[in-house]
Amino acid sequence: MTGKGAVTGDGAVAEGGDPAAADAVLRGDAVPSGGIETTGDASARCGGPARCDGPVRDDDAVRDDDAAWGGQAGDELLGRVFLTRVIEPGDETGGRWVRERGVAEVVRRLREGGRALPGASEKRWAGLRARADRAEPRRDLATARAAGVRFVAPGTAEWPRQLDDLGDARPLGLWVRGGPSLRMWALRSVAVVGARACTEYGAHMAATLAAGLAERGWVVVSGGAYGVDGAAHRGALGAGGATAAVLACGVDRPYPPGHTGLITRIAEQGLVIGELPPGDHPTPSRFILRNRVIAALTRGTVVVEAAFRSGSLVTARAAQRLGRHTMGVPGPATSALSAGVHELLRGDAVLVSDAAEVVELVGDMGELPPDRRGPVLPTDLLEPRTRQVLAGLPARGAAAADEVARRAQTTQDDAIARLYELRALGYVERHGDGWKLTRQMMISVRDGGDPY
């Protein structure tokens with residue numbers, strides 16, 4: 001923009017300008033005489049609602065965009081896209097404004113200025129207004145479309161309704177990159193999160209859990225970060241399964257940069273999801289607030305390695321508050337990276353060690369894990385009274401048949417019959433009038449095994 005009253009790069013009106021004229025252009029209204037100059041006839045060329053955000057285009061281009069976005073490129077869609085550029089994720093005050101006043105009214109107040117909405121200080125209101133001056137929802141939609149990204153708003157067919165459990169902290173909408181239906185995938189999804197600086201054990205457990213869940217038809221959701229998140233995504237992809245990454249930045253801007261290839265692969269085979277508009281960058285607070293979406297979107301959260309101050313514990317606690325299943329994979333008692341998980345397990349979290357145990361919690365009734373048993377030993381096949389006679393033999397040296405019978409609480413004749421049976425199987429041998437374990441059985445006992 002050029003001429004009198006030009007809008008500066010930070011959204012403020014330059015000295016000598018006319019704020020009313022600047023607002024008029026941002027709303028798409030006719031420009032007052034002597035106001036901001038634009039290239040072309042803005043009021044004549046704006047399509048759809050009386051707004052002209054971003055590059056001025058002809059009516060055909062605007063109609064094409066409306067058709068490409070399912071015919072929803074009206075006040076509600078543009079308003080929510082606008083608000084994702086203005087209001088931070090998880091802002092409950094902003095969410096309350098939208099719930100109580102509606103999208104259109106909140107957008108109008110932010111564009112036109114005036115008195116601050118309830119709950120916002122004058123300083124904060126000024127900051128929101130500065131953001132609103134720079135917001136260009138049509139440009140964001142065009143950028144998203146070019147990157148293969150769609151905007152999913154609450155109330156639409158693809159919106160996962162479990163996100164409504166977040167109340168006023170519910171996302172204003174989600175930017176989604178990838179082909180599958182977000183709503184359908186979220187119905188059968190599990191979050192696997194944990195430490196960025198994880199150990200080999202943590203990476204192995206995350207990948208193994210994710211692969212097992214993927215093989216059972218579950219979608220693995222994580223944050224796309226280094227460490228446990230990356231291992232979980234790779235485990236699901238390696239098993240040929242489904243995975244979704246929830247980012248704390250624009251979904252067209254992979255973060256961390258070292259995971260650009262991984263996030264691109266997730267977008268090709270699964271979903272990349274985010275609350276922030278195209279090109280927006282991550283901040284520490286956005287990472288923390290992103291975790292509430294992971295918790296609300298999924299049926300349960302599994303934490304694999306987490307120190308006491310790990311961000312993954314934020315996800316787990318959010319899941320607990322929302323009534324979702326919270327699970328933890330235990331680690332060594334001496335590991336600081338597992339201290340946070342162990343603290344969760346001392347509370348309401350459930351200990352899990354593999355995908356079958358996760359599915360038992362989050363799955364449908366009857367999806368039970370197999371019975372947990374140790375390895376089947378040859379002696380397990382012995383008749384119980386024969387095992388009792390075998391247990392009556394000393395670990396070292398020989399014993400007479402009557403002594404073995406007394407220890408096995410049976411008769412001498414029965415003990416002798418069973419000892420001959422055991423000799424035929426290679427478990428015992430006879431030395432004169434005594435009986436003793438074979439060398440192999442003695443080694444098993446010496447090494448701490450339980451041959452019985």
# chains A, B, ... in the order shown; residues from 1 in each chain; ligands from 1

$ select_by_dssp --residues "range 223-319 of chain A" --states "strand (DSSP E)" --output "list in words"
Thr243, Ala244, Ala245, Val246, Leu247, Leu271, Val272, Ile273, Gly274, Gly300, Thr301, Val302, Val303 and Val304 of chain A

$ write_last_selection --atoms "all heavy atoms" --output "tab-separated table (two decimals), in the first residue's frame"
chain	number	residue	atom	x	y	z
A	243	THR	N	-0.10	-42.66	11.03
A	243	THR	CA	0.42	-41.78	12.07
A	243	THR	C	0.08	-40.34	11.73
A	243	THR	O	-0.09	-39.98	10.56
A	243	THR	CB	1.95	-41.95	12.25
A	243	THR	OG1	2.37	-41.20	13.39
A	243	THR	CG2	2.71	-41.47	11.03
A	244	ALA	N	-0.05	-39.51	12.78
A	244	ALA	CA	-0.37	-38.09	12.62
A	244	ALA	C	0.54	-37.28	13.53
A	244	ALA	O	0.77	-37.67	14.68
A	244	ALA	CB	-1.84	-37.83	12.96
A	245	ALA	N	1.05	-36.17	13.02
A	245	ALA	CA	1.91	-35.28	13.78
A	245	ALA	C	1.16	-33.98	14.05
A	245	ALA	O	0.62	-33.37	13.12
A	245	ALA	CB	3.20	-34.99	13.02
A	246	VAL	N	1.11	-33.57	15.32
A	246	VAL	CA	0.49	-32.30	15.70
A	246	VAL	C	1.61	-31.30	15.98
A	246	VAL	O	2.38	-31.48	16.93
A	246	VAL	CB	-0.41	-32.47	16.94
A	246	VAL	CG1	-1.10	-31.14	17.28
A	246	VAL	CG2	-1.45	-33.56	16.70
A	247	LEU	N	1.72	-30.27	15.14
A	247	LEU	CA	2.83	-29.34	15.22
A	247	LEU	C	2.46	-28.07	15.99
A	247	LEU	O	1.28	-27.71	16.09
A	247	LEU	CB	3.30	-28.95	13.81
A	247	LEU	CG	3.69	-30.10	12.87
A	247	LEU	CD1	4.26	-29.53	11.57
A	247	LEU	CD2	4.68	-31.04	13.52
A	271	LEU	N	-1.25	-37.69	8.39
A	271	LEU	CA	-1.75	-36.34	8.60
A	271	LEU	C	-0.75	-35.50	9.38
A	271	LEU	O	-0.12	-35.99	10.32
A	271	LEU	CB	-3.07	-36.37	9.38
A	271	LEU	CG	-4.30	-36.96	8.67
A	271	LEU	CD1	-5.46	-37.08	9.64
A	271	LEU	CD2	-4.69	-36.11	7.48
A	272	VAL	N	-0.63	-34.23	8.99
A	272	VAL	CA	0.11	-33.24	9.76
A	272	VAL	C	-0.90	-32.17	10.15
A	272	VAL	O	-1.61	-31.63	9.30
A	272	VAL	CB	1.28	-32.63	8.96
A	272	VAL	CG1	2.00	-31.57	9.79
A	272	VAL	CG2	2.25	-33.73	8.55
A	273	ILE	N	-0.99	-31.87	11.44
A	273	ILE	CA	-2.07	-31.04	11.99
A	273	ILE	C	-1.47	-29.89	12.78
A	273	ILE	O	-0.44	-30.04	13.44
A	273	ILE	CB	-2.96	-31.89	12.92
A	273	ILE	CG1	-3.45	-33.16	12.20
A	273	ILE	CG2	-4.12	-31.09	13.46
A	273	ILE	CD1	-3.88	-34.26	13.15
A	274	GLY	N	-2.12	-28.74	12.75
A	274	GLY	CA	-1.67	-27.61	13.56
A	274	GLY	C	-2.76	-26.57	13.70
A	274	GLY	O	-3.67	-26.48	12.87
A	300	GLY	N	-6.20	-42.13	24.32
A	300	GLY	CA	-5.32	-42.27	25.48
A	300	GLY	C	-3.92	-41.81	25.14
A	300	GLY	O	-3.56	-41.69	23.97
A	301	THR	N	-3.12	-41.56	26.18
A	301	THR	CA	-1.75	-41.08	26.00
A	301	THR	C	-0.78	-42.01	26.71
A	301	THR	O	-0.97	-42.32	27.89
A	301	THR	CB	-1.59	-39.65	26.57
A	301	THR	OG1	-2.40	-38.75	25.81
A	301	THR	CG2	-0.15	-39.19	26.53
A	302	VAL	N	0.24	-42.45	25.97
A	302	VAL	CA	1.31	-43.28	26.54
A	302	VAL	C	2.57	-42.42	26.64
A	302	VAL	O	2.99	-41.82	25.65
A	302	VAL	CB	1.60	-44.50	25.65
A	302	VAL	CG1	2.64	-45.41	26.32
A	302	VAL	CG2	0.34	-45.28	25.36
A	303	VAL	N	3.17	-42.37	27.83
A	303	VAL	CA	4.41	-41.61	28.03
A	303	VAL	C	5.56	-42.60	28.10
A	303	VAL	O	5.57	-43.51	28.92
A	303	VAL	CB	4.35	-40.76	29.30
A	303	VAL	CG1	5.62	-39.92	29.43
A	303	VAL	CG2	3.13	-39.86	29.28
A	304	VAL	N	6.54	-42.41	27.21
A	304	VAL	CA	7.74	-43.25	27.18
A	304	VAL	C	8.93	-42.37	27.53
A	304	VAL	O	9.33	-41.53	26.74
A	304	VAL	CB	7.96	-43.87	25.78
A	304	VAL	CG1	9.18	-44.79	25.79
A	304	VAL	CG2	6.72	-44.61	25.31

$ select_by_dssp --residues "range 303-441 of chain A" --states "alpha helix (DSSP H)" --output "VMD selection string"
chain A and resid 311 to 321 339 to 346 355 to 362 384 to 391 401 to 408 412 to 424 439 to 441

$ residues_around --residues "Glu343 in chain A" --least-positions-apart "2" --cutoff "12 Å" --atoms "only C-alpha atoms" --output "ChimeraX atom specification"
/A:303,305-310,313,316-317,327-331,333,336-341,345-351

$ write_last_selection --atoms "N, CA, C and O atoms" --output "short mmCIF file (atom, residue, chain, number, x, y, z; two decimals), in the first residue's frame"
data_model
loop_
_atom_site.label_atom_id
_atom_site.label_comp_id
_atom_site.auth_asym_id
_atom_site.auth_seq_id
_atom_site.Cartn_x
_atom_site.Cartn_y
_atom_site.Cartn_z
N VAL A 303 3.17 -42.37 27.83
CA VAL A 303 4.41 -41.61 28.03
C VAL A 303 5.56 -42.60 28.10
O VAL A 303 5.57 -43.51 28.92
N GLU A 305 9.47 -42.51 28.69
CA GLU A 305 10.58 -41.70 29.20
C GLU A 305 10.19 -40.23 29.31
O GLU A 305 9.84 -39.59 28.31
N ALA A 306 10.26 -39.71 30.51
CA ALA A 306 9.98 -38.29 30.75
C ALA A 306 10.59 -37.92 32.09
O ALA A 306 10.36 -38.59 33.10
N ALA A 307 11.38 -36.85 32.09
CA ALA A 307 11.93 -36.32 33.33
C ALA A 307 10.82 -35.58 34.07
O ALA A 307 9.71 -35.40 33.56
N PHE A 308 11.12 -35.11 35.28
CA PHE A 308 10.10 -34.46 36.09
C PHE A 308 9.52 -33.22 35.40
O PHE A 308 8.36 -32.89 35.59
N ARG A 309 10.32 -32.51 34.59
CA ARG A 309 9.85 -31.28 33.96
C ARG A 309 9.59 -31.47 32.46
O ARG A 309 9.58 -30.49 31.71
N SER A 310 9.36 -32.68 32.04
CA SER A 310 9.15 -32.95 30.62
C SER A 310 7.81 -32.40 30.14
O SER A 310 6.79 -32.49 30.85
N LEU A 313 4.69 -34.69 30.10
CA LEU A 313 3.85 -34.85 31.29
C LEU A 313 2.67 -33.88 31.22
O LEU A 313 1.60 -34.16 31.79
N ALA A 316 0.12 -35.75 29.36
CA ALA A 316 -0.49 -36.79 30.20
C ALA A 316 -1.47 -36.19 31.19
O ALA A 316 -2.57 -36.74 31.40
N ARG A 317 -1.12 -35.08 31.81
CA ARG A 317 -2.02 -34.46 32.79
C ARG A 317 -3.26 -33.88 32.11
O ARG A 317 -4.36 -33.93 32.67
N MET A 327 -1.19 -43.65 30.34
CA MET A 327 -0.35 -44.83 30.52
C MET A 327 1.11 -44.44 30.54
O MET A 327 1.50 -43.40 29.99
N GLY A 328 1.93 -45.27 31.17
CA GLY A 328 3.36 -45.02 31.21
C GLY A 328 4.16 -46.29 31.02
O GLY A 328 3.75 -47.37 31.47
N VAL A 329 5.29 -46.16 30.33
CA VAL A 329 6.21 -47.29 30.15
C VAL A 329 7.32 -47.13 31.18
O VAL A 329 8.05 -46.14 31.15
N PRO A 330 7.47 -48.05 32.10
CA PRO A 330 8.49 -47.88 33.15
C PRO A 330 9.90 -48.01 32.60
O PRO A 330 10.13 -48.64 31.57
N GLY A 331 10.83 -47.38 33.29
CA GLY A 331 12.24 -47.48 32.94
C GLY A 331 13.04 -47.87 34.16
O GLY A 331 12.48 -48.19 35.21
N ALA A 333 14.89 -47.72 37.62
CA ALA A 333 14.59 -46.89 38.78
C ALA A 333 15.63 -45.79 38.97
O ALA A 333 15.35 -44.76 39.59
N ALA A 336 16.95 -40.75 35.50
CA ALA A 336 16.24 -39.47 35.65
C ALA A 336 15.24 -39.27 34.53
O ALA A 336 14.22 -38.59 34.71
N LEU A 337 15.49 -39.86 33.36
CA LEU A 337 14.59 -39.71 32.23
C LEU A 337 13.28 -40.50 32.41
O LEU A 337 12.33 -40.29 31.67
N SER A 338 13.26 -41.41 33.38
CA SER A 338 12.03 -42.15 33.66
C SER A 338 11.36 -41.69 34.94
O SER A 338 10.29 -42.19 35.30
N ALA A 339 11.96 -40.71 35.63
CA ALA A 339 11.42 -40.27 36.92
C ALA A 339 10.01 -39.71 36.77
O ALA A 339 9.13 -39.94 37.61
N GLY A 340 9.77 -38.94 35.71
CA GLY A 340 8.44 -38.38 35.50
C GLY A 340 7.40 -39.45 35.21
O GLY A 340 6.26 -39.36 35.67
N VAL A 341 7.78 -40.47 34.44
CA VAL A 341 6.87 -41.57 34.16
C VAL A 341 6.53 -42.32 35.44
O VAL A 341 5.36 -42.65 35.70
N LEU A 345 2.96 -43.11 37.27
CA LEU A 345 2.53 -44.47 37.62
C LEU A 345 2.18 -44.60 39.09
O LEU A 345 1.38 -45.46 39.47
N ARG A 346 2.74 -43.74 39.92
CA ARG A 346 2.37 -43.74 41.33
C ARG A 346 1.00 -43.12 41.55
O ARG A 346 0.40 -43.29 42.60
N GLY A 347 0.52 -42.40 40.53
CA GLY A 347 -0.80 -41.80 40.60
C GLY A 347 -1.83 -42.65 39.88
O GLY A 347 -1.97 -43.85 40.14
N ASP A 348 -2.52 -42.04 38.92
CA ASP A 348 -3.62 -42.73 38.25
C ASP A 348 -3.24 -43.37 36.92
O ASP A 348 -4.07 -44.00 36.27
N ALA A 349 -2.01 -43.18 36.47
CA ALA A 349 -1.59 -43.77 35.19
C ALA A 349 -1.46 -45.29 35.32
O ALA A 349 -1.20 -45.81 36.41
N VAL A 350 -1.60 -45.97 34.19
CA VAL A 350 -1.52 -47.44 34.16
C VAL A 350 -0.22 -47.85 33.50
O VAL A 350 0.17 -47.31 32.46
N LEU A 351 0.46 -48.81 34.10
CA LEU A 351 1.71 -49.32 33.53
C LEU A 351 1.40 -50.19 32.31
O LEU A 351 0.55 -51.08 32.37
#

$ atom_distance --atom1 "CA of Arg85 in chain A" --atom2 "CA of Arg265 in chain A"
26.7 Å

$ closest_residue --among "A:His259, A:Arg115, A:Arg234, A:Arg188" --to "Arg299 in chain A" --atoms "only C-alpha atoms"
A:Arg188

$ closest_residue --among "A:Gly392, A:Trp218, A:Leu237, A:Gly227" --to "Val428 in chain A" --atoms "only C-alpha atoms"
A:Gly392

$ residues_around --residues "Gly90 in chain A" --least-positions-apart "4" --cutoff "7 Å" --atoms "only C-alpha atoms" --output "PyMOL selection string"
chain A and resi 169-171+289

$ write_last_selection --atoms "N, CA and C atoms" --output "CSV table (one decimal), in the first residue's frame"
chain,number,residue,atom,x,y,z
A,169,ALA,N,-11.0,-23.5,25.5
A,169,ALA,CA,-9.6,-23.7,25.0
A,169,ALA,C,-9.6,-24.5,23.7
A,170,ARG,N,-10.8,-24.8,23.2
A,170,ARG,CA,-10.9,-25.6,21.9
A,170,ARG,C,-10.2,-24.8,20.8
A,171,PRO,N,-9.5,-25.5,19.9
A,171,PRO,CA,-9.0,-24.8,18.8
A,171,PRO,C,-10.0,-24.0,18.0
A,289,LEU,N,1.0,-25.6,24.7
A,289,LEU,CA,-0.4,-25.5,24.4
A,289,LEU,C,-0.8,-26.5,23.3

$ decode --residues "range 194-213 of chain A" --atoms "N, CA, C and O atoms" --output "PDB file, in the first residue's frame"
ATOM      1  N   GLY A 194       7.018 -38.468  24.724  1.00  0.00           N
ATOM      2  CA  GLY A 194       8.101 -38.693  25.668  1.00  0.00           C
ATOM      3  C   GLY A 194       9.241 -37.727  25.461  1.00  0.00           C
ATOM      4  O   GLY A 194       9.107 -36.696  24.782  1.00  0.00           O
ATOM      5  N   ALA A 195      10.376 -38.074  26.036  1.00  0.00           N
ATOM      6  CA  ALA A 195      11.532 -37.180  26.074  1.00  0.00           C
ATOM      7  C   ALA A 195      12.134 -36.961  24.695  1.00  0.00           C
ATOM      8  O   ALA A 195      12.170 -37.869  23.869  1.00  0.00           O
ATOM      9  N   ARG A 196      12.609 -35.727  24.457  1.00  0.00           N
ATOM     10  CA  ARG A 196      13.356 -35.454  23.231  1.00  0.00           C
ATOM     11  C   ARG A 196      14.727 -36.105  23.303  1.00  0.00           C
ATOM     12  O   ARG A 196      15.177 -36.747  22.362  1.00  0.00           O
ATOM     13  N   ALA A 197      15.408 -35.923  24.431  1.00  0.00           N
ATOM     14  CA  ALA A 197      16.740 -36.507  24.604  1.00  0.00           C
ATOM     15  C   ALA A 197      16.600 -37.897  25.203  1.00  0.00           C
ATOM     16  O   ALA A 197      17.071 -38.172  26.308  1.00  0.00           O
ATOM     17  N   CYS A 198      15.929 -38.782  24.480  1.00  0.00           N
ATOM     18  CA  CYS A 198      15.644 -40.107  25.024  1.00  0.00           C
ATOM     19  C   CYS A 198      16.849 -41.026  24.886  1.00  0.00           C
ATOM     20  O   CYS A 198      17.788 -40.764  24.128  1.00  0.00           O
ATOM     21  N   THR A 199      16.812 -42.117  25.618  1.00  0.00           N
ATOM     22  CA  THR A 199      17.855 -43.137  25.532  1.00  0.00           C
ATOM     23  C   THR A 199      17.521 -44.111  24.400  1.00  0.00           C
ATOM     24  O   THR A 199      16.440 -44.053  23.802  1.00  0.00           O
ATOM     25  N   GLU A 200      18.438 -45.018  24.126  1.00  0.00           N
ATOM     26  CA  GLU A 200      18.162 -46.063  23.136  1.00  0.00           C
ATOM     27  C   GLU A 200      16.973 -46.915  23.564  1.00  0.00           C
ATOM     28  O   GLU A 200      16.171 -47.340  22.734  1.00  0.00           O
ATOM     29  N   TYR A 201      16.866 -47.137  24.867  1.00  0.00           N
ATOM     30  CA  TYR A 201      15.730 -47.904  25.393  1.00  0.00           C
ATOM     31  C   TYR A 201      14.416 -47.185  25.087  1.00  0.00           C
ATOM     32  O   TYR A 201      13.442 -47.783  24.625  1.00  0.00           O
ATOM     33  N   GLY A 202      14.395 -45.861  25.334  1.00  0.00           N
ATOM     34  CA  GLY A 202      13.182 -45.091  25.077  1.00  0.00           C
ATOM     35  C   GLY A 202      12.799 -45.100  23.611  1.00  0.00           C
ATOM     36  O   GLY A 202      11.623 -45.271  23.263  1.00  0.00           O
ATOM     37  N   ALA A 203      13.787 -44.922  22.727  1.00  0.00           N
ATOM     38  CA  ALA A 203      13.505 -44.929  21.289  1.00  0.00           C
ATOM     39  C   ALA A 203      12.997 -46.306  20.850  1.00  0.00           C
ATOM     40  O   ALA A 203      12.060 -46.409  20.041  1.00  0.00           O
ATOM     41  N   HIS A 204      13.613 -47.365  21.383  1.00  0.00           N
ATOM     42  CA  HIS A 204      13.191 -48.725  21.040  1.00  0.00           C
ATOM     43  C   HIS A 204      11.761 -48.982  21.498  1.00  0.00           C
ATOM     44  O   HIS A 204      10.928 -49.510  20.731  1.00  0.00           O
ATOM     45  N   MET A 205      11.435 -48.597  22.736  1.00  0.00           N
ATOM     46  CA  MET A 205      10.092 -48.849  23.252  1.00  0.00           C
ATOM     47  C   MET A 205       9.048 -48.045  22.485  1.00  0.00           C
ATOM     48  O   MET A 205       7.959 -48.545  22.178  1.00  0.00           O
ATOM     49  N   ALA A 206       9.366 -46.782  22.161  1.00  0.00           N
ATOM     50  CA  ALA A 206       8.415 -45.953  21.418  1.00  0.00           C
ATOM     51  C   ALA A 206       8.145 -46.537  20.035  1.00  0.00           C
ATOM     52  O   ALA A 206       6.987 -46.636  19.597  1.00  0.00           O
ATOM     53  N   ALA A 207       9.208 -46.934  19.338  1.00  0.00           N
ATOM     54  CA  ALA A 207       9.048 -47.495  17.999  1.00  0.00           C
ATOM     55  C   ALA A 207       8.297 -48.822  18.040  1.00  0.00           C
ATOM     56  O   ALA A 207       7.424 -49.085  17.194  1.00  0.00           O
ATOM     57  N   THR A 208       8.617 -49.660  19.011  1.00  0.00           N
ATOM     58  CA  THR A 208       7.964 -50.966  19.129  1.00  0.00           C
ATOM     59  C   THR A 208       6.487 -50.813  19.458  1.00  0.00           C
ATOM     60  O   THR A 208       5.620 -51.486  18.871  1.00  0.00           O
ATOM     61  N   LEU A 209       6.174 -49.921  20.413  1.00  0.00           N
ATOM     62  CA  LEU A 209       4.776 -49.672  20.764  1.00  0.00           C
ATOM     63  C   LEU A 209       3.994 -49.153  19.558  1.00  0.00           C
ATOM     64  O   LEU A 209       2.887 -49.612  19.270  1.00  0.00           O
ATOM     65  N   ALA A 210       4.584 -48.173  18.873  1.00  0.00           N
ATOM     66  CA  ALA A 210       3.901 -47.574  17.731  1.00  0.00           C
ATOM     67  C   ALA A 210       3.672 -48.595  16.620  1.00  0.00           C
ATOM     68  O   ALA A 210       2.587 -48.636  16.013  1.00  0.00           O
ATOM     69  N   ALA A 211       4.679 -49.409  16.348  1.00  0.00           N
ATOM     70  CA  ALA A 211       4.523 -50.435  15.311  1.00  0.00           C
ATOM     71  C   ALA A 211       3.420 -51.422  15.687  1.00  0.00           C
ATOM     72  O   ALA A 211       2.587 -51.791  14.854  1.00  0.00           O
ATOM     73  N   GLY A 212       3.398 -51.832  16.954  1.00  0.00           N
ATOM     74  CA  GLY A 212       2.357 -52.755  17.411  1.00  0.00           C
ATOM     75  C   GLY A 212       0.966 -52.156  17.323  1.00  0.00           C
ATOM     76  O   GLY A 212       0.002 -52.833  16.936  1.00  0.00           O
ATOM     77  N   LEU A 213       0.840 -50.876  17.681  1.00  0.00           N
ATOM     78  CA  LEU A 213      -0.456 -50.207  17.586  1.00  0.00           C
ATOM     79  C   LEU A 213      -0.891 -50.083  16.125  1.00  0.00           C
ATOM     80  O   LEU A 213      -2.057 -50.312  15.787  1.00  0.00           O
TER      81      LEU A 213
END
